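> Sharing protein_2.txt (compact mmCIF, C-alpha atoms) below.
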```txt
# COMPACT_ATOMS: atom_id res chain seq x y z
CA MET B 1 43.08 92.82 53.47
CA LYS B 2 44.12 91.26 50.16
CA ALA B 3 47.57 89.78 49.95
CA ASN B 4 48.63 92.02 47.08
CA THR B 5 48.01 95.14 49.17
CA ARG B 6 50.40 94.12 51.91
CA LYS B 7 53.70 95.94 52.31
CA PHE B 8 56.72 95.93 54.57
CA GLU B 9 56.85 98.97 56.84
CA VAL B 10 58.52 97.73 60.04
CA LEU B 11 61.90 95.99 60.14
CA ARG B 12 62.86 93.92 63.18
CA VAL B 13 66.57 93.17 63.33
CA SER B 14 68.23 90.52 65.46
CA ILE B 15 71.58 92.29 65.84
CA LEU B 16 73.08 89.29 67.63
CA SER B 17 71.76 85.82 68.35
CA HIS B 18 73.02 85.23 71.89
CA CYS B 19 71.57 86.37 75.18
CA SER B 20 72.53 86.71 78.83
CA PHE B 21 69.38 84.82 79.86
CA ALA B 22 68.16 81.29 79.16
CA CYS B 23 64.41 81.89 79.30
CA VAL B 24 62.30 78.76 79.28
CA TYR B 25 60.28 79.80 76.21
CA CYS B 26 63.27 80.88 74.11
CA ALA B 27 66.52 79.17 75.06
CA PRO B 28 66.14 76.61 77.86
CA LYS B 29 69.52 75.12 78.66
CA ASN B 30 68.34 71.50 78.29
CA LYS B 31 66.88 71.98 74.79
CA PRO B 32 68.53 72.38 71.38
CA ASP B 33 67.82 75.69 69.67
CA LEU B 34 69.46 75.35 66.26
CA THR B 35 72.61 77.12 67.42
CA ASN B 36 74.56 75.07 64.89
CA PHE B 37 72.62 76.94 62.22
CA TYR B 38 74.35 80.16 63.27
CA PRO B 39 77.86 81.13 64.33
CA LYS B 40 78.18 80.80 68.11
CA ILE B 41 78.65 84.54 68.50
CA HIS B 42 77.92 86.89 65.63
CA TYR B 43 77.37 90.63 65.72
CA LEU B 44 75.66 92.53 62.94
CA SER B 45 78.22 95.19 62.08
CA PRO B 46 77.24 98.87 61.77
CA GLU B 47 78.55 98.81 58.20
CA LEU B 48 76.43 95.82 57.22
CA LEU B 49 73.33 97.25 58.92
CA GLU B 50 73.81 100.57 57.14
CA SER B 51 74.24 98.85 53.79
CA LYS B 52 71.17 96.64 54.21
CA ILE B 53 68.97 99.49 55.47
CA LYS B 54 69.97 101.72 52.56
CA THR B 55 69.19 98.89 50.16
CA LEU B 56 65.77 98.41 51.72
CA THR B 57 64.85 102.09 51.99
CA SER B 58 65.58 102.61 48.31
CA HIS B 59 62.67 100.26 47.58
CA ILE B 60 60.31 100.40 50.58
CA GLN B 61 59.37 103.04 53.13
CA LEU B 62 60.36 101.90 56.60
CA LYS B 63 58.55 103.75 59.35
CA GLU B 64 60.31 101.85 62.14
CA VAL B 65 63.40 99.74 62.77
CA HIS B 66 63.28 97.64 65.92
CA LEU B 67 66.53 96.19 67.28
CA THR B 68 66.19 92.83 68.99
CA GLY B 69 68.26 89.73 69.63
CA GLY B 70 69.22 87.72 71.55
CA GLU B 71 69.83 90.53 74.00
CA PRO B 72 70.69 93.60 71.89
CA THR B 73 72.37 95.51 74.73
CA LEU B 74 75.19 92.94 74.56
CA HIS B 75 76.15 94.32 71.15
CA LYS B 76 79.51 96.07 71.39
CA ASP B 77 78.49 98.74 68.85
CA LEU B 78 74.85 99.22 69.85
CA VAL B 79 75.00 103.01 70.16
CA LEU B 80 76.69 103.27 66.75
CA LEU B 81 73.98 101.07 65.21
CA ILE B 82 71.35 103.47 66.51
CA GLN B 83 73.32 106.45 65.21
CA LYS B 84 73.50 104.86 61.75
CA LEU B 85 69.74 104.39 61.69
CA LYS B 86 69.21 107.99 62.74
CA GLU B 87 71.54 109.22 59.99
CA ILE B 88 69.56 107.23 57.42
CA ALA B 89 66.47 109.14 58.64
CA ILE B 90 64.63 106.26 60.31
CA ASN B 91 62.14 108.17 62.45
CA GLU B 92 61.16 105.42 64.87
CA ILE B 93 64.02 103.43 66.37
CA ALA B 94 63.09 100.89 69.04
CA ILE B 95 64.82 98.22 71.08
CA THR B 96 63.66 95.27 73.18
CA SER B 97 65.77 94.37 76.21
CA ASN B 98 65.80 92.22 79.33
CA GLY B 99 66.94 95.31 81.27
CA PHE B 100 70.28 94.02 82.53
CA PHE B 101 72.96 96.25 81.04
CA GLU B 102 75.54 98.85 82.04
CA ASP B 103 74.63 102.08 83.77
CA GLY B 104 74.35 105.07 81.47
CA LEU B 105 73.39 103.07 78.37
CA ILE B 106 69.81 104.33 78.23
CA GLN B 107 70.96 107.95 78.07
CA LYS B 108 73.53 107.10 75.38
CA MET B 109 70.91 105.31 73.27
CA LYS B 110 68.46 108.17 73.68
CA GLN B 111 71.08 110.71 72.58
CA ALA B 112 71.94 108.52 69.58
CA GLY B 113 68.34 108.57 68.38
CA LEU B 114 66.44 105.80 70.18
CA THR B 115 62.72 106.58 70.51
CA ARG B 116 61.26 103.52 72.27
CA MET B 117 62.24 100.76 74.66
CA ASN B 118 60.31 97.56 75.19
CA PHE B 119 61.23 95.54 78.26
CA SER B 120 60.61 91.85 78.83
CA LEU B 121 59.01 91.55 82.27
CA ASP B 122 57.61 88.06 82.68
CA SER B 123 57.36 87.98 86.46
CA PHE B 124 56.88 90.37 89.34
CA SER B 125 58.32 88.02 91.96
CA GLN B 126 61.97 87.16 92.53
CA GLY B 127 61.28 83.42 92.48
CA GLY B 128 59.21 83.60 89.33
CA PHE B 129 61.78 85.75 87.58
CA GLU B 130 64.57 83.29 88.41
CA LYS B 131 62.48 80.33 87.26
CA LEU B 132 61.63 81.91 83.91
CA SER B 133 65.01 83.47 83.13
CA ASP B 134 67.25 80.80 84.69
CA ARG B 135 69.27 83.62 86.23
CA LYS B 136 69.71 84.67 89.86
CA LEU B 137 69.51 88.41 89.30
CA PRO B 138 67.47 90.99 91.27
CA ILE B 139 64.08 91.67 89.71
CA GLU B 140 64.19 95.10 91.37
CA ARG B 141 67.01 96.09 89.04
CA LEU B 142 64.83 95.38 86.01
CA LEU B 143 61.94 97.38 87.46
CA GLN B 144 64.24 100.34 88.05
CA ARG B 145 65.59 100.14 84.49
CA ILE B 146 62.05 100.36 83.14
CA LEU B 147 61.34 103.46 85.20
CA GLU B 148 64.71 104.94 84.22
CA ALA B 149 63.87 104.66 80.51
CA LYS B 150 60.62 106.48 81.10
CA THR B 151 62.46 109.21 83.04
CA PHE B 152 64.65 109.86 79.99
CA GLY B 153 61.55 110.50 77.89
CA LEU B 154 61.51 107.30 75.87
CA ASP B 155 58.26 105.67 74.87
CA VAL B 156 58.24 102.61 77.13
CA LYS B 157 56.26 99.39 76.95
CA VAL B 158 56.46 96.17 78.94
CA ASN B 159 56.03 92.71 77.43
CA CYS B 160 54.99 89.64 79.40
CA THR B 161 54.89 86.21 77.79
CA VAL B 162 52.33 84.21 79.76
CA LEU B 163 53.03 80.53 80.38
CA LYS B 164 50.68 78.27 82.28
CA GLY B 165 52.37 76.89 85.34
CA TYR B 166 54.92 79.69 85.42
CA ASN B 167 53.44 83.17 85.66
CA GLU B 168 49.70 83.23 84.96
CA LEU B 169 49.12 83.96 88.64
CA GLU B 170 51.21 87.15 88.35
CA ILE B 171 49.16 88.83 85.62
CA LEU B 172 47.28 91.07 88.06
CA ASP B 173 50.43 92.13 89.95
CA LEU B 174 52.20 92.96 86.69
CA LEU B 175 49.23 94.96 85.42
CA GLN B 176 48.96 96.90 88.67
CA TRP B 177 52.65 97.81 88.78
CA SER B 178 52.73 98.86 85.14
CA GLY B 179 49.47 100.77 85.39
CA GLU B 180 50.43 102.65 88.53
CA ASN B 181 53.63 103.74 86.79
CA GLY B 182 51.82 104.81 83.62
CA ILE B 183 53.43 102.16 81.43
CA PRO B 184 51.40 100.05 78.95
CA ILE B 185 51.88 96.30 79.34
CA ARG B 186 51.32 93.70 76.64
CA PHE B 187 50.49 90.12 77.57
CA LEU B 188 51.64 87.67 74.91
CA GLU B 189 50.29 84.24 74.15
CA PHE B 190 53.20 81.80 74.24
CA MET B 191 54.11 81.22 70.60
CA LYS B 192 54.82 77.80 69.20
CA MET B 193 58.40 78.55 68.25
CA GLY B 194 61.83 77.22 69.08
CA PRO B 195 62.77 74.55 71.61
CA LEU B 196 59.46 74.24 73.49
CA GLN B 197 57.33 73.38 70.47
CA GLU B 198 56.43 69.95 71.80
CA GLU B 199 55.41 71.35 75.20
CA HIS B 200 53.45 74.26 73.73
CA SER B 201 49.99 72.96 74.59
CA ASP B 202 51.05 72.25 78.18
CA CYS B 203 52.26 75.84 78.70
CA PHE B 204 49.71 77.70 76.59
CA TYR B 205 47.53 80.34 78.26
CA SER B 206 45.08 81.95 75.85
CA ALA B 207 44.04 85.56 75.34
CA GLU B 208 40.58 84.65 76.64
CA GLU B 209 42.11 83.25 79.82
CA ILE B 210 44.24 86.39 80.23
CA ARG B 211 41.18 88.62 79.90
CA SER B 212 39.22 86.44 82.33
CA THR B 213 42.04 86.70 84.86
CA ILE B 214 42.10 90.50 84.56
CA GLN B 215 38.30 90.69 84.88
CA LYS B 216 38.54 89.16 88.33
CA LYS B 217 39.90 92.48 89.61
CA TYR B 218 39.41 95.14 86.92
CA ASN B 219 36.68 96.47 84.69
CA PHE B 220 38.04 97.43 81.29
CA GLN B 221 36.99 98.53 77.84
CA ALA B 222 38.52 98.77 74.38
CA TYR B 223 41.31 101.33 73.93
CA PRO B 224 42.33 102.88 70.58
CA THR B 225 44.59 100.48 68.71
CA ALA B 226 46.59 101.21 65.55
CA PRO B 227 45.41 99.18 62.52
CA ASP B 228 48.84 97.53 62.14
CA SER B 229 49.32 96.82 65.84
CA THR B 230 50.05 93.25 66.88
CA ALA B 231 48.30 93.96 70.19
CA THR B 232 44.66 94.65 70.94
CA TYR B 233 44.55 97.30 73.66
CA HIS B 234 42.20 97.85 76.60
CA ILE B 235 42.02 100.36 79.45
CA THR B 236 40.78 99.70 82.98
CA ASP B 237 38.56 102.04 84.98
CA GLU B 238 41.74 103.05 86.84
CA GLY B 239 43.41 104.11 83.58
CA PHE B 240 45.74 101.10 83.33
CA ILE B 241 46.46 100.31 79.66
CA PHE B 242 47.15 96.75 78.61
CA GLY B 243 47.37 94.94 75.32
CA ILE B 244 47.08 91.29 74.36
CA ILE B 245 49.10 89.78 71.54
CA ALA B 246 47.29 86.60 70.56
CA ASN B 247 49.12 85.04 67.62
CA HIS B 248 47.35 81.73 68.08
CA THR B 249 43.75 82.36 69.11
CA GLU B 250 43.20 85.81 67.57
CA PRO B 251 45.68 85.95 64.67
CA PHE B 252 46.49 89.21 62.91
CA CYS B 253 48.57 87.77 60.06
CA GLU B 254 46.53 89.41 57.29
CA GLY B 255 47.65 92.87 58.40
CA CYS B 256 51.27 92.02 59.23
CA ASN B 257 53.67 94.65 57.86
CA ARG B 258 56.85 93.26 59.42
CA LEU B 259 60.06 92.22 57.76
CA ARG B 260 62.81 90.57 59.78
CA MET B 261 66.58 90.45 59.51
CA ASP B 262 69.06 88.20 61.29
CA SER B 263 72.56 89.01 62.53
CA LEU B 264 74.02 87.89 59.20
CA GLY B 265 71.92 90.40 57.27
CA ARG B 266 69.49 87.86 55.81
CA ILE B 267 65.82 88.77 55.66
CA TYR B 268 62.72 86.76 56.59
CA GLY B 269 59.16 87.54 55.59
CA CYS B 270 57.31 85.53 58.23
CA LEU B 271 57.83 84.16 61.72
CA SER B 272 56.18 80.93 60.60
CA ASP B 273 58.70 80.34 57.81
CA GLN B 274 62.42 79.62 58.20
CA THR B 275 63.20 80.65 54.62
CA SER B 276 65.76 83.46 54.50
CA PHE B 277 66.91 85.65 51.64
CA ASP B 278 70.10 87.55 50.93
CA LEU B 279 69.54 91.11 49.79
CA PRO B 280 71.35 91.43 46.44
CA SER B 281 73.82 94.21 45.70
CA ASP B 282 72.15 94.70 42.32
CA PRO B 283 69.34 97.24 42.95
CA SER B 284 67.24 95.88 40.11
CA ALA B 285 67.06 92.47 41.80
CA VAL B 286 65.87 93.75 45.19
CA PRO B 287 62.13 94.04 44.39
CA PHE B 288 62.05 90.38 43.33
CA VAL B 289 63.70 89.26 46.59
CA LEU B 290 61.33 91.41 48.65
CA GLN B 291 58.40 89.85 46.83
CA GLN B 292 59.80 86.40 47.55
CA ALA B 293 59.94 87.31 51.24
CA MET B 294 56.39 88.65 51.09
CA ASP B 295 55.22 85.42 49.47
CA THR B 296 56.37 83.46 52.54
CA LYS B 297 53.85 85.30 54.74
CA LYS B 298 51.13 83.03 56.04
CA MET B 299 47.47 83.84 56.56
CA GLN B 300 47.63 82.14 59.95
CA PHE B 301 50.42 81.75 62.49
CA THR B 302 51.74 78.17 62.45
CA GLY B 303 55.03 78.53 64.34
CA SER B 304 58.58 77.49 63.56
CA GLU B 305 61.42 75.37 64.96
CA LEU B 306 63.60 78.47 64.78
CA SER B 307 63.94 80.36 68.06
CA MET B 308 62.72 83.96 68.07
CA LYS B 309 66.17 85.21 69.04
CA PHE B 310 67.57 84.43 65.59
CA ILE B 311 65.14 86.43 63.46
CA GLY B 312 64.20 89.61 65.25
CA GLY B 313 60.99 88.22 66.69
```
Give the structure from this file in structure tokens form.


Amino acid sequence: MKANTRKFEVLRVSILSHCSFACVYCAPKNKPDLTNFYPKIHYLSPELLESKIKTLTSHIQLKEVHLTGGEPTLHKDLVLLIQKLKEIAINEIAITSNGFFEDGLIQKMKQAGLTRMNFSLDSFSQGGFEKLSDRKLPIERLLQRILEAKTFGLDVKVNCTVLKGYNELEILDLLQWSGENGIPIRFLEFMKMGPLQEEHSDCFYSAEEIRSTIQKKYNFQAYPTAPDSTATYHITDEGFIFGIIANHTEPFCEGCNRLRMDSLGRIYGCLSDQTSFDLPSDPSAVPFVLQQAMDTKKMQFTGSELSMKFIGG
């Protein structure tokens, strides 16, 4: 795909930069994570989100807005944010969550217009979950939240970031649980971003290693994958669907259609570039800024010192 044919179609918004977890690959408590670069606690207001989305949709066609964080369910006006997106006629509205939030929120989000939930599920064991998240919370609660979202009719996916020495031995258990419950799971290569950049090679577990691990128990074949998907999907003989997101060893940068926004309303064109841009109030200046953001896109993922939680990873 030639660079001049690329376009922004998916917006990922970090609606707040803080989280209730301190996951080892995102915000380990003993590592700096550029928090001085952002206000300690900052929420993207419904008014600012609405303004920025209207500015963007007057120049580009957004087929999806994905709310992330930090942990987006901590946002005090989350349901209103979703309502605003629905009113602007965003057809696909997604959210990624760690699953630990108040009862009844899934139904409220669904009624407001949410269409998909992605859950971070990095371990199937209580000990592994505590080690990765740095929180002593019941893993069973997260598993029930995932099933609850499916019960309400949302499109549900599970994401697992695989780190050597942490959870590579749980890949098969995670695949079995997800598959038996009819939920696609995506295994992610640990990306060289944020506070664990220096330890990246020590923790890295490649897509090839993930596939080899799965082959020890399951036969699988290619499964239909959308051209702009970050994951490459497979299906086992049992009907279990899994994807692999391999930013490092099998990069998909040439087809990336994602634009990102932080909790201050600034946009980013690429995960591998910390350059941010303010969307101007002058409509005639917006195309130039969008092109500047597009020009930051790399042809290969190189990583960034900035943690994913700041830029709607």

> Can you build me a table of range 244-269 of chain B residues sitting at most 12 Å from range 48-55 of chain B, with the closest atom pair per residue and its distance in Å to one decimal, using all atoms listed in the file, sorted by chain and residue number, as a Markdown table?


```
| residue | atom | partner | partner_atom | distance |
| --- | --- | --- | --- | --- |
| B:Leu259 | CA | B:Ile53 | CA | 11.7 |
| B:Arg260 | CA | B:Ile53 | CA | 11.7 |
| B:Met261 | CA | B:Lys52 | CA | 9.4 |
| B:Asp262 | CA | B:Leu49 | CA | 10.3 |
| B:Ser263 | CA | B:Leu49 | CA | 9.0 |
| B:Leu264 | CA | B:Leu48 | CA | 8.5 |
| B:Gly265 | CA | B:Lys52 | CA | 7.0 |
| B:Arg266 | CA | B:Lys52 | CA | 9.1 |
| B:Ile267 | CA | B:Lys52 | CA | 9.6 |
```

> Using only C-alpha atoms, pick whichever of B:Ser123, B:Thr151, B:Asn219, B:Asn247 has the shortest atom-to-atom distance to Pro138 in chain B.

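Of all the options, B:Ser123 lies closest to Pro138 in chain B.
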
> Report the distance between CA of Thr161 in chain B and CA of Leu114 in chain B in Å, rounded to one decimal place.

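Computing it gives 24.0 Å between the two atoms.
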
> Find, counting all atoms listed in the file, the residue in B:Leu175, B:Val158, B:Cys270, B:Met193 that gets nearest to Cys26 in chain B.

B:Met193

> Residues within 9 Å of Pro251 in chain B, please, as an mmCIF file with C-alpha atoms, in the coordinates of the input. Count only C-alpha atoms; anything in the same chain fewer than 2 positions from it doesn't count.


```
data_model
loop_
_atom_site.group_PDB
_atom_site.id
_atom_site.type_symbol
_atom_site.label_atom_id
_atom_site.label_comp_id
_atom_site.auth_asym_id
_atom_site.auth_seq_id
_atom_site.Cartn_x
_atom_site.Cartn_y
_atom_site.Cartn_z
ATOM 1 C CA THR B 230 50.050 93.250 66.880
ATOM 2 C CA ILE B 245 49.100 89.780 71.540
ATOM 3 C CA ALA B 246 47.290 86.600 70.560
ATOM 4 C CA ASN B 247 49.120 85.040 67.620
ATOM 5 C CA HIS B 248 47.350 81.730 68.080
ATOM 6 C CA THR B 249 43.750 82.360 69.110
ATOM 7 C CA CYS B 253 48.570 87.770 60.060
ATOM 8 C CA GLU B 254 46.530 89.410 57.290
ATOM 9 C CA MET B 299 47.470 83.840 56.560
ATOM 10 C CA GLN B 300 47.630 82.140 59.950
ATOM 11 C CA PHE B 301 50.420 81.750 62.490
#
```
